[in-house]
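K.L.:
To be precise about what I am sending: the file is called input_35.cif and holds mmCIF, C-alpha atoms.
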data_my_file
#
loop_
_atom_site.label_atom_id
_atom_site.label_comp_id
_atom_site.auth_asym_id
_atom_site.auth_seq_id
_atom_site.Cartn_x
_atom_site.Cartn_y
_atom_site.Cartn_z
CA MET A 27 -27.35 5.41 23.10
CA PHE A 28 -24.59 7.98 23.30
CA LEU A 29 -24.31 10.18 20.18
CA LEU A 30 -22.46 13.33 19.12
CA GLU A 31 -23.81 16.72 18.07
CA ASN A 32 -20.75 18.86 17.45
CA TYR A 33 -18.24 18.63 14.57
CA THR A 34 -15.39 19.82 16.80
CA VAL A 35 -16.06 16.98 19.26
CA ALA A 36 -16.29 14.56 16.32
CA VAL A 37 -12.83 15.72 15.17
CA LEU A 38 -11.55 15.19 18.73
CA PHE A 39 -12.92 11.63 18.65
CA CYS A 40 -11.15 11.08 15.34
CA PHE A 41 -7.88 12.34 16.85
CA ILE A 42 -8.26 9.83 19.67
CA THR A 43 -8.82 7.21 16.96
CA MET A 44 -5.62 8.37 15.29
CA LEU A 45 -3.70 7.96 18.54
CA CYS A 46 -5.19 4.52 19.18
CA TRP A 47 -4.74 3.19 15.65
CA GLY A 48 -1.24 4.61 15.44
CA SER A 49 -0.09 3.32 18.83
CA TRP A 50 -1.53 -0.18 19.33
CA ALA A 51 1.31 -1.78 17.35
CA ASN A 52 3.75 -0.75 20.09
CA THR A 53 2.35 -3.70 22.03
CA GLN A 54 3.49 -5.99 19.22
CA LYS A 55 6.93 -4.40 19.24
CA LEU A 56 7.15 -4.95 23.00
CA ALA A 57 6.19 -8.62 22.66
CA ASP A 58 8.16 -9.24 19.47
CA LYS A 59 11.37 -10.60 21.00
CA THR A 60 9.65 -13.45 22.85
CA TRP A 61 6.24 -13.84 21.19
CA ARG A 62 5.53 -14.65 17.54
CA TYR A 63 3.19 -12.23 15.80
CA GLU A 64 0.78 -15.07 14.92
CA LEU A 65 0.33 -15.85 18.63
CA PHE A 66 0.14 -12.16 19.53
CA TYR A 67 -2.62 -11.72 16.98
CA TRP A 68 -5.00 -14.19 18.64
CA ASP A 69 -5.01 -12.11 21.81
CA TYR A 70 -5.32 -8.93 19.77
CA VAL A 71 -8.56 -10.24 18.21
CA PHE A 72 -9.96 -11.26 21.60
CA GLY A 73 -9.23 -7.75 22.87
CA VAL A 74 -11.11 -6.19 19.94
CA VAL A 75 -14.22 -8.35 20.47
CA LEU A 76 -14.30 -7.83 24.24
CA THR A 77 -13.99 -4.05 23.95
CA SER A 78 -16.68 -3.73 21.28
CA LEU A 79 -19.07 -5.78 23.43
CA VAL A 80 -18.42 -3.60 26.49
CA PHE A 81 -19.19 -0.44 24.49
CA ALA A 82 -22.36 -2.01 23.06
CA LEU A 83 -23.68 -3.00 26.48
CA THR A 84 -22.86 0.37 28.09
CA LEU A 85 -22.87 3.51 25.89
CA GLY A 86 -24.75 1.64 23.17
CA SER A 87 -27.62 0.69 25.48
CA GLN A 88 -28.19 3.92 27.42
CA GLY A 89 -29.89 7.24 26.68
CA GLU A 90 -33.30 8.55 25.73
CA TYR A 91 -33.05 8.31 21.95
CA GLY A 92 -32.27 5.54 19.50
CA GLN A 93 -32.30 1.82 20.29
CA SER A 94 -30.43 -0.30 22.79
CA PHE A 95 -27.82 -2.73 21.49
CA VAL A 96 -30.00 -5.82 21.91
CA ALA A 97 -33.14 -4.20 20.41
CA ASN A 98 -31.18 -2.91 17.44
CA LEU A 99 -29.55 -6.29 16.85
CA LYS A 100 -32.96 -8.02 16.85
CA GLN A 101 -34.38 -5.75 14.12
CA ALA A 102 -31.25 -5.78 11.94
CA SER A 103 -31.64 -6.92 8.35
CA GLY A 104 -29.50 -9.68 6.90
CA THR A 105 -27.96 -7.21 4.45
CA SER A 106 -26.81 -4.83 7.19
CA LEU A 107 -25.39 -7.68 9.27
CA ALA A 108 -23.60 -9.06 6.20
CA PHE A 109 -22.01 -5.68 5.40
CA ALA A 110 -20.68 -5.21 8.95
CA PHE A 111 -19.48 -8.83 9.17
CA ALA A 112 -17.78 -8.60 5.75
CA GLY A 113 -16.02 -5.46 6.93
CA GLY A 114 -14.55 -7.48 9.78
CA VAL A 115 -13.35 -10.25 7.47
CA VAL A 116 -11.68 -7.80 5.05
CA PHE A 117 -10.11 -5.88 7.92
CA ASN A 118 -8.75 -9.06 9.47
CA ILE A 119 -6.97 -10.14 6.30
CA ALA A 120 -5.53 -6.66 5.84
CA ASN A 121 -4.46 -6.34 9.47
CA ILE A 122 -2.72 -9.73 9.47
CA LEU A 123 -0.71 -8.51 6.48
CA LEU A 124 0.05 -5.31 8.39
CA VAL A 125 1.26 -7.22 11.46
CA ALA A 126 3.51 -9.35 9.24
CA ALA A 127 4.83 -6.22 7.51
CA ILE A 128 5.62 -4.65 10.90
CA ALA A 129 7.58 -7.78 11.81
CA ILE A 130 9.65 -7.33 8.64
CA ALA A 131 9.87 -3.60 7.98
CA GLY A 132 8.98 -1.95 11.30
CA MET A 133 6.29 0.55 12.28
CA ALA A 134 7.91 3.50 10.50
CA VAL A 135 7.43 1.77 7.13
CA ALA A 136 4.54 -0.68 7.37
CA PHE A 137 2.11 1.93 8.74
CA PRO A 138 2.90 4.91 6.49
CA VAL A 139 2.89 2.77 3.35
CA GLY A 140 0.09 0.34 4.22
CA ILE A 141 -2.25 2.54 6.23
CA GLY A 142 -1.34 5.66 4.25
CA LEU A 143 -2.41 3.88 1.06
CA ALA A 144 -5.57 2.71 2.84
CA LEU A 145 -6.30 6.33 3.77
CA VAL A 146 -5.99 7.52 0.17
CA LEU A 147 -8.13 4.76 -1.35
CA GLY A 148 -10.54 4.58 1.61
CA VAL A 149 -11.35 8.30 1.63
CA LEU A 150 -12.16 8.13 -2.09
CA LEU A 151 -14.40 5.10 -1.63
CA ASN A 152 -16.21 6.50 1.41
CA TYR A 153 -16.62 9.89 -0.26
CA LEU A 154 -18.37 8.25 -3.22
CA GLY A 155 -20.53 6.24 -0.82
CA SER A 156 -21.58 9.17 1.38
CA ALA A 157 -23.67 11.02 -1.21
CA GLY A 158 -21.47 14.15 -1.18
CA ASP A 159 -21.87 14.75 2.58
CA SER A 160 -18.13 15.18 3.07
CA GLY A 161 -17.63 18.93 2.80
CA ASN A 162 -15.20 20.67 0.46
CA ALA A 163 -14.01 18.10 -2.06
CA THR A 164 -11.03 20.23 -3.17
CA LEU A 165 -9.64 20.44 0.35
CA LEU A 166 -10.38 16.78 1.01
CA PHE A 167 -8.58 15.45 -2.04
CA THR A 168 -5.69 17.93 -1.78
CA GLY A 169 -5.14 16.61 1.73
CA VAL A 170 -5.33 13.03 0.49
CA GLY A 171 -2.86 13.88 -2.28
CA LEU A 172 -0.34 15.15 0.27
CA VAL A 173 -0.75 11.95 2.29
CA ALA A 174 -0.03 9.98 -0.89
CA LEU A 175 3.11 12.08 -1.38
CA ALA A 176 4.17 11.27 2.19
CA ILE A 177 3.82 7.56 1.41
CA ILE A 178 6.18 7.96 -1.54
CA PHE A 179 8.76 9.79 0.60
CA ASN A 180 8.56 7.01 3.19
CA ALA A 181 8.99 4.21 0.66
CA ILE A 182 12.05 5.93 -0.82
CA ALA A 183 13.51 6.43 2.66
CA TYR A 184 12.96 2.75 3.46
CA ARG A 185 14.92 1.78 0.37
CA THR A 186 18.00 3.51 1.81
CA LEU A 187 18.16 1.08 4.76
CA PRO A 188 20.74 -1.70 4.45
CA GLN A 189 19.46 -5.28 4.30
CA GLU A 190 20.59 -6.81 7.59
CA GLU A 191 22.21 -10.21 7.79
CA GLY A 192 20.59 -12.94 9.83
CA VAL A 193 17.09 -11.57 9.44
CA THR A 194 14.06 -13.78 9.99
CA LYS A 195 13.45 -16.33 7.26
CA GLY A 196 11.47 -14.79 4.40
CA ALA A 197 11.97 -11.22 5.63
CA THR A 198 13.30 -8.96 2.87
CA LYS A 199 12.81 -5.26 2.19
CA SER A 200 10.87 -6.01 -0.99
CA LYS A 201 8.55 -8.40 0.85
CA GLY A 202 8.00 -5.83 3.59
CA LEU A 203 6.90 -3.22 1.05
CA PHE A 204 4.77 -5.70 -0.90
CA LEU A 205 2.86 -6.80 2.20
CA SER A 206 2.38 -3.16 3.21
CA VAL A 207 0.93 -2.25 -0.19
CA LEU A 208 -1.36 -5.30 -0.27
CA CYS A 209 -2.49 -4.46 3.26
CA GLY A 210 -3.29 -0.90 2.17
CA VAL A 211 -5.49 -1.97 -0.73
CA LEU A 212 -7.54 -4.32 1.45
CA MET A 213 -7.60 -1.97 4.45
CA SER A 214 -9.17 0.75 2.29
CA LEU A 215 -12.29 -1.41 1.82
CA PHE A 216 -13.31 -2.44 5.35
CA TYR A 217 -14.70 0.89 6.56
CA TYR A 218 -16.89 1.24 3.49
CA PHE A 219 -18.59 -2.07 4.31
CA VAL A 220 -19.16 -1.03 7.92
CA ALA A 221 -20.47 2.40 6.88
CA GLN A 222 -23.02 0.77 4.56
CA SER A 223 -24.48 -1.12 7.52
CA LEU A 224 -24.94 1.93 9.77
CA THR A 225 -28.18 3.82 10.24
CA GLY A 226 -28.87 7.45 9.55
CA VAL A 227 -31.96 9.38 10.66
CA GLN A 228 -34.99 9.20 8.39
CA LYS A 229 -37.22 12.31 8.41
CA GLY A 230 -39.79 12.16 5.65
CA ASP A 231 -37.90 11.67 2.40
CA GLU A 232 -34.72 13.14 3.85
CA LEU A 233 -31.83 11.08 5.26
CA LEU A 234 -29.97 12.97 8.00
CA PRO A 235 -26.85 12.28 10.10
CA LEU A 236 -27.29 10.24 13.28
CA THR A 237 -27.48 12.91 16.02
CA TYR A 238 -29.61 13.56 19.09
CA ALA A 239 -31.10 16.68 17.49
CA ASN A 240 -32.25 14.86 14.38
CA LEU A 241 -33.87 12.12 16.47
CA ALA A 242 -35.45 14.63 18.91
CA ASN A 243 -36.96 16.62 16.03
CA GLY A 244 -39.08 13.77 14.74
CA GLY A 245 -36.52 11.64 12.95
CA THR A 246 -36.35 7.85 13.23
CA LEU A 247 -33.65 5.25 12.78
CA GLN A 248 -33.64 3.47 9.42
CA ALA A 249 -35.37 0.12 9.62
CA GLY A 250 -32.99 -2.83 9.44
CA LYS A 251 -29.85 -0.69 9.83
CA LEU A 252 -27.35 -0.87 12.68
CA THR A 253 -26.36 1.69 15.29
CA PRO A 254 -22.61 2.42 15.51
CA TYR A 255 -22.36 0.15 18.55
CA THR A 256 -24.18 -2.79 16.96
CA GLY A 257 -22.29 -2.41 13.70
CA ASN A 258 -19.01 -2.25 15.58
CA PHE A 259 -19.77 -5.49 17.45
CA VAL A 260 -20.84 -7.40 14.33
CA PHE A 261 -17.68 -6.10 12.64
CA ALA A 262 -15.64 -7.54 15.55
CA LEU A 263 -17.40 -10.89 15.16
CA GLY A 264 -16.33 -10.90 11.51
CA ILE A 265 -12.73 -10.51 12.65
CA LEU A 266 -13.06 -13.30 15.22
CA VAL A 267 -14.74 -15.87 12.96
CA SER A 268 -12.41 -15.25 10.02
CA ASN A 269 -9.39 -15.54 12.31
CA PHE A 270 -10.27 -19.16 13.08
CA VAL A 271 -10.05 -19.82 9.32
CA ILE A 272 -7.08 -17.68 8.32
CA MET A 273 -4.64 -17.82 11.21
CA PRO A 274 -4.28 -21.65 11.48
CA ILE A 275 -3.21 -21.64 7.81
CA LEU A 276 -0.67 -18.89 8.38
CA MET A 277 0.69 -20.66 11.45
CA ARG A 278 1.45 -23.70 9.28
CA LYS A 279 2.71 -21.64 6.34
CA PRO A 280 3.78 -18.28 7.83
CA LEU A 281 4.49 -15.16 5.82
CA VAL A 282 7.59 -14.62 7.96
CA GLY A 283 9.68 -17.16 9.85
CA THR A 284 9.17 -20.87 10.45
CA PRO A 285 5.87 -22.67 11.21
CA VAL A 286 4.52 -22.25 14.72
CA ALA A 287 2.44 -24.81 16.63
CA PHE A 288 -0.84 -23.69 18.18
CA SER A 289 0.21 -25.38 21.42
CA SER A 290 2.75 -22.58 21.79
CA TYR A 291 -0.14 -20.20 22.44
CA PHE A 292 -0.73 -21.77 25.84
CA LYS A 293 2.88 -21.17 26.89
CA GLY A 294 2.68 -17.40 26.63
CA GLY A 295 2.21 -16.41 30.26
CA THR A 296 2.18 -12.62 30.61
CA ASP A 297 2.86 -12.25 26.86
CA HIS A 298 -0.88 -12.65 26.34
CA LEU A 299 -1.47 -9.26 27.93
CA TRP A 300 0.29 -7.39 25.12
CA GLY A 301 -2.10 -8.72 22.49
CA LEU A 302 -5.18 -8.06 24.62
CA ILE A 303 -4.07 -4.50 25.36
CA GLY A 304 -3.25 -3.90 21.69
CA GLY A 305 -6.69 -5.10 20.60
CA MET A 306 -8.44 -3.01 23.24
CA ILE A 307 -6.55 0.12 22.19
CA TRP A 308 -7.47 -0.41 18.53
CA ALA A 309 -11.13 -1.15 19.35
CA VAL A 310 -11.52 2.04 21.42
CA GLY A 311 -10.36 3.98 18.37
CA MET A 312 -12.74 2.14 16.05
CA THR A 313 -15.75 2.69 18.33
CA LEU A 314 -15.12 6.41 18.70
CA ASN A 315 -14.60 6.69 14.95
CA VAL A 316 -17.92 5.14 13.93
CA ILE A 317 -19.67 7.33 16.52
CA ALA A 318 -18.00 10.41 15.00
CA SER A 319 -18.80 9.39 11.41
CA GLY A 320 -22.44 10.43 11.82
CA VAL A 321 -21.42 14.06 12.28
CA ALA A 322 -18.13 14.20 10.39
CA SER A 323 -19.15 11.87 7.48
CA PRO A 324 -17.52 8.47 6.86
CA ALA A 325 -14.93 9.95 4.46
CA VAL A 326 -13.65 12.58 6.90
CA ALA A 327 -13.84 10.30 9.97
CA TYR A 328 -11.97 7.50 8.20
CA GLY A 329 -9.39 9.88 6.74
CA LEU A 330 -8.61 11.46 10.10
CA GLY A 331 -8.57 8.11 11.90
CA GLN A 332 -6.08 6.75 9.42
CA GLY A 333 -3.90 9.71 10.26
CA ALA A 334 -2.55 6.95 12.48
CA THR A 335 0.11 6.78 9.79
CA LEU A 336 1.63 9.97 11.21
CA MET A 337 1.48 8.71 14.79
CA SER A 338 3.05 5.37 13.94
CA ALA A 339 5.80 7.07 11.95
CA ILE A 340 6.61 9.20 15.01
CA TRP A 341 6.83 6.06 17.15
CA GLY A 342 8.94 4.21 14.59
CA VAL A 343 11.37 7.04 13.79
CA PHE A 344 11.87 8.69 17.19
CA ILE A 345 11.10 5.99 19.78
CA TRP A 346 12.07 2.70 18.12
CA ARG A 347 14.68 4.45 15.92
CA GLU A 348 14.02 2.18 12.96
CA PHE A 349 15.99 4.47 10.60
CA ARG A 350 19.10 4.75 12.79
CA LYS A 351 21.19 2.81 10.25
CA ALA A 352 20.03 4.87 7.27
CA PRO A 353 22.34 7.45 5.58
CA LYS A 354 22.09 11.01 6.91
CA SER A 355 20.53 12.13 3.62
CA THR A 356 17.46 10.03 4.56
CA ASN A 357 16.55 12.61 7.22
CA LYS A 358 15.43 15.01 4.47
CA LEU A 359 13.05 12.39 3.11
CA LEU A 360 11.66 11.73 6.59
CA ALA A 361 11.19 15.47 7.20
CA ALA A 362 9.32 15.79 3.89
CA MET A 363 7.18 12.81 4.86
CA PHE A 364 6.18 14.34 8.21
CA LEU A 365 5.44 17.73 6.64
CA SER A 366 3.26 16.17 3.94
CA PHE A 367 1.35 14.13 6.53
CA ILE A 368 0.75 17.12 8.83
CA VAL A 369 -0.44 19.50 6.10
CA GLY A 370 -2.53 16.78 4.45
CA LEU A 371 -4.32 15.88 7.68
CA GLY A 372 -4.89 19.57 8.40
CA LEU A 373 -6.66 20.00 5.07
CA ILE A 374 -8.85 16.94 5.72
CA ILE A 375 -9.93 18.51 9.03
CA TRP A 376 -10.68 21.82 7.30
CA THR A 377 -12.94 20.04 4.83
CA LYS A 378 -16.11 20.56 6.91
CA LEU A 379 -15.21 23.66 8.96
#
Translate the structure described by the file into structure tokens.
P.N.:
Amino acid sequence: MFLLENYTVAVLFCFITMLCWGSWANTQKLADKTWRYELFYWDYVFGVVLTSLVFALTLGSQGEYGQSFVANLKQASGTSLAFAFAGGVVFNIANILLVAAIAIAGMAVAFPVGIGLALVLGVLLNYLGSAGDSGNATLLFTGVGLVALAIIFNAIAYRTLPQEEGVTKGATKSKGLFLSVLCGVLMSLFYYFVAQSLTGVQKGDELLPLTYANLANGGTLQAGKLTPYTGNFVFALGILVSNFVIMPILMRKPLVGTPVAFSSYFKGGTDHLWGLIGGMIWAVGMTLNVIASGVASPAVAYGLGQGATLMSAIWGVFIWREFRKAPKSTNKLLAAMFLSFIVGLGLIIWTKL
């Protein structure tokens, strides 16, 4: 299987994750005028599962060291499978809340508040779960603190927007913020579950990161644990299975708007492509991130990946112009938000240099 050796390359992978996780929601924005987010989300999930399977059968099944996808899946313990699957379930609930929040509040708010909060809580959780293998704790948590400050600036800026008349039923500014916060709390948990399922390299009594060098120098994969590719696929299955339980309920009693019939899904035509593309984009980011986590540590990899908050804020503010109706004084809050995000993410990168 394909693995990383170099921290710089791992950071590059995490930046690609940041771009993917911060950009996939543009597909929802593009489909939003003609395609309900509940219908969009079905295709998004199918895109995630398909992409994770392709990675597992290609990069996850080639190379001299490690195990192929199928061999690793056969030896997996029930505990490891349960952790990865549970990560998918938790992520799915959180992401549905995020998609609903985007429909109400836009990308420039839902992402910085929801995913920014997930970054803060998730880095803390993954740091505690990675046995101190996350570099300089002072730099890490200073960076996280600045991201938290950026979230506050964004929430204050959002409050300056006027409540528009004729908005979708159930869509209010307060509801948009509430769903974003609830999404953030749940989103902070999913990566921890996935990380607990993934294998390191066992060498005697020492547990080392999953790299070619550690395997070539006499190390072995942990029995019962999952490779990044297997864990990523089981995680995707958790999303898919839980979606068949959660989404039909939300289609009957939606968080935003009126009920939508499942029969409408089959009337989408080319609208289906937006969801598939969005899911594929997100899944590429997730796969590269779990590959990078072996070298960068789960805390750093997750923190950088969730720098998607910065990318999505750029899309929302400058491309979709979601703050165009805000008072001019709001620009200072947005500038402070961007500065806090940039410096905070820079410190997270510096953590293991």
K.L.:
With a distance cut-off of 7 Å and all atoms listed in the file, select the neighbouring residues of A:Phe179, excluding the residue or stretch itself and same-chain residues fewer than 6 positions from it, and output the selection as a list in words.
P.N.:
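Final neighbour list, sorted by chain and number: Leu359, Leu360, Ala362 and Met363 of chain A.
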K.L.:
Using all atoms listed in the file for the distances, tell me which of A:Ala51, A:Met44, A:Leu187, A:Ala325 is nearest to A:Val125.
P.N.:
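Of A:Ala51, A:Met44, A:Leu187, A:Ala325, the one nearest A:Val125, counting all atoms listed in the file, is A:Ala51.
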K.L.:
Taking only C-alpha atoms into account, name the residue in A:Ala183, A:Met273, A:Leu147, A:Leu30 that is nearest to A:Phe167.
P.N.:
A:Leu147
K.L.:
Looking at only C-alpha atoms, which of A:Gly169, A:Gly342, A:Gly245, A:Gly372 is the one that sits closest to A:Tyr184?
P.N.:
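Ranking A:Gly169, A:Gly342, A:Gly245, A:Gly372 by distance to A:Tyr184, first place goes to A:Gly342.
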K.L.:
At a cut-off of 9 Å, using all atoms listed in the file, what residues contact A:Val343? Leave out same-chain residues fewer than 4 positions from it and give the result as a list in words.
P.N.:
Met133, Ala134, Ser338, Ala339, Arg347, Glu348, Phe349, Arg350 and Leu360 of chain A
K.L.:
For A:Gly294, which of A:Val80, A:Leu65, A:Met213, A:Leu281 is the closest residue, counting all atoms listed in the file?
P.N.:
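Checking each of A:Val80, A:Leu65, A:Met213, A:Leu281 against A:Gly294, counting all atoms listed in the file, the winner is A:Leu65.
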K.L.:
Starting from the displayed file, determine the output of the PyMOL selection byres ((chain A and resi 277) around 8) and express the residue list as number ranges by chain.
P.N.:
A: 64, 273-276, 278-280, 285-288
K.L.:
Just the selected residues (C-alpha atoms), exported as a compact mmCIF listing (two decimals), keeping the file's coordinate frame, please.
P.N.:
# COMPACT_ATOMS: atom_id res chain seq x y z
CA GLU A 64 0.78 -15.07 14.92
CA MET A 273 -4.64 -17.82 11.21
CA PRO A 274 -4.28 -21.65 11.48
CA ILE A 275 -3.21 -21.64 7.81
CA LEU A 276 -0.67 -18.89 8.38
CA ARG A 278 1.45 -23.70 9.28
CA LYS A 279 2.71 -21.64 6.34
CA PRO A 280 3.78 -18.28 7.83
CA PRO A 285 5.87 -22.67 11.21
CA VAL A 286 4.52 -22.25 14.72
CA ALA A 287 2.44 -24.81 16.63
CA PHE A 288 -0.84 -23.69 18.18
K.L.:
Please determine, counting only C-alpha atoms, which residue among A:Gly301, A:Pro254, A:Gly244, A:Gly48 has the shortest atom-to-atom distance to A:Lys229.
P.N.:
A:Gly244
K.L.:
For the point (-33.9, 16.8, 19.0) in file coordinates, what residues are within 12 Å, counting only C-alpha atoms? Give the answer as a list in words?
P.N.:
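Every residue inside that radius is included here: Leu29, Leu30, Glu31, Glu90, Tyr91, Gly92, Val227, Lys229, Leu236, Thr237, Tyr238, Ala239, Asn240, Leu241, Ala242, Asn243, Gly244, Gly245 and Thr246 of chain A.
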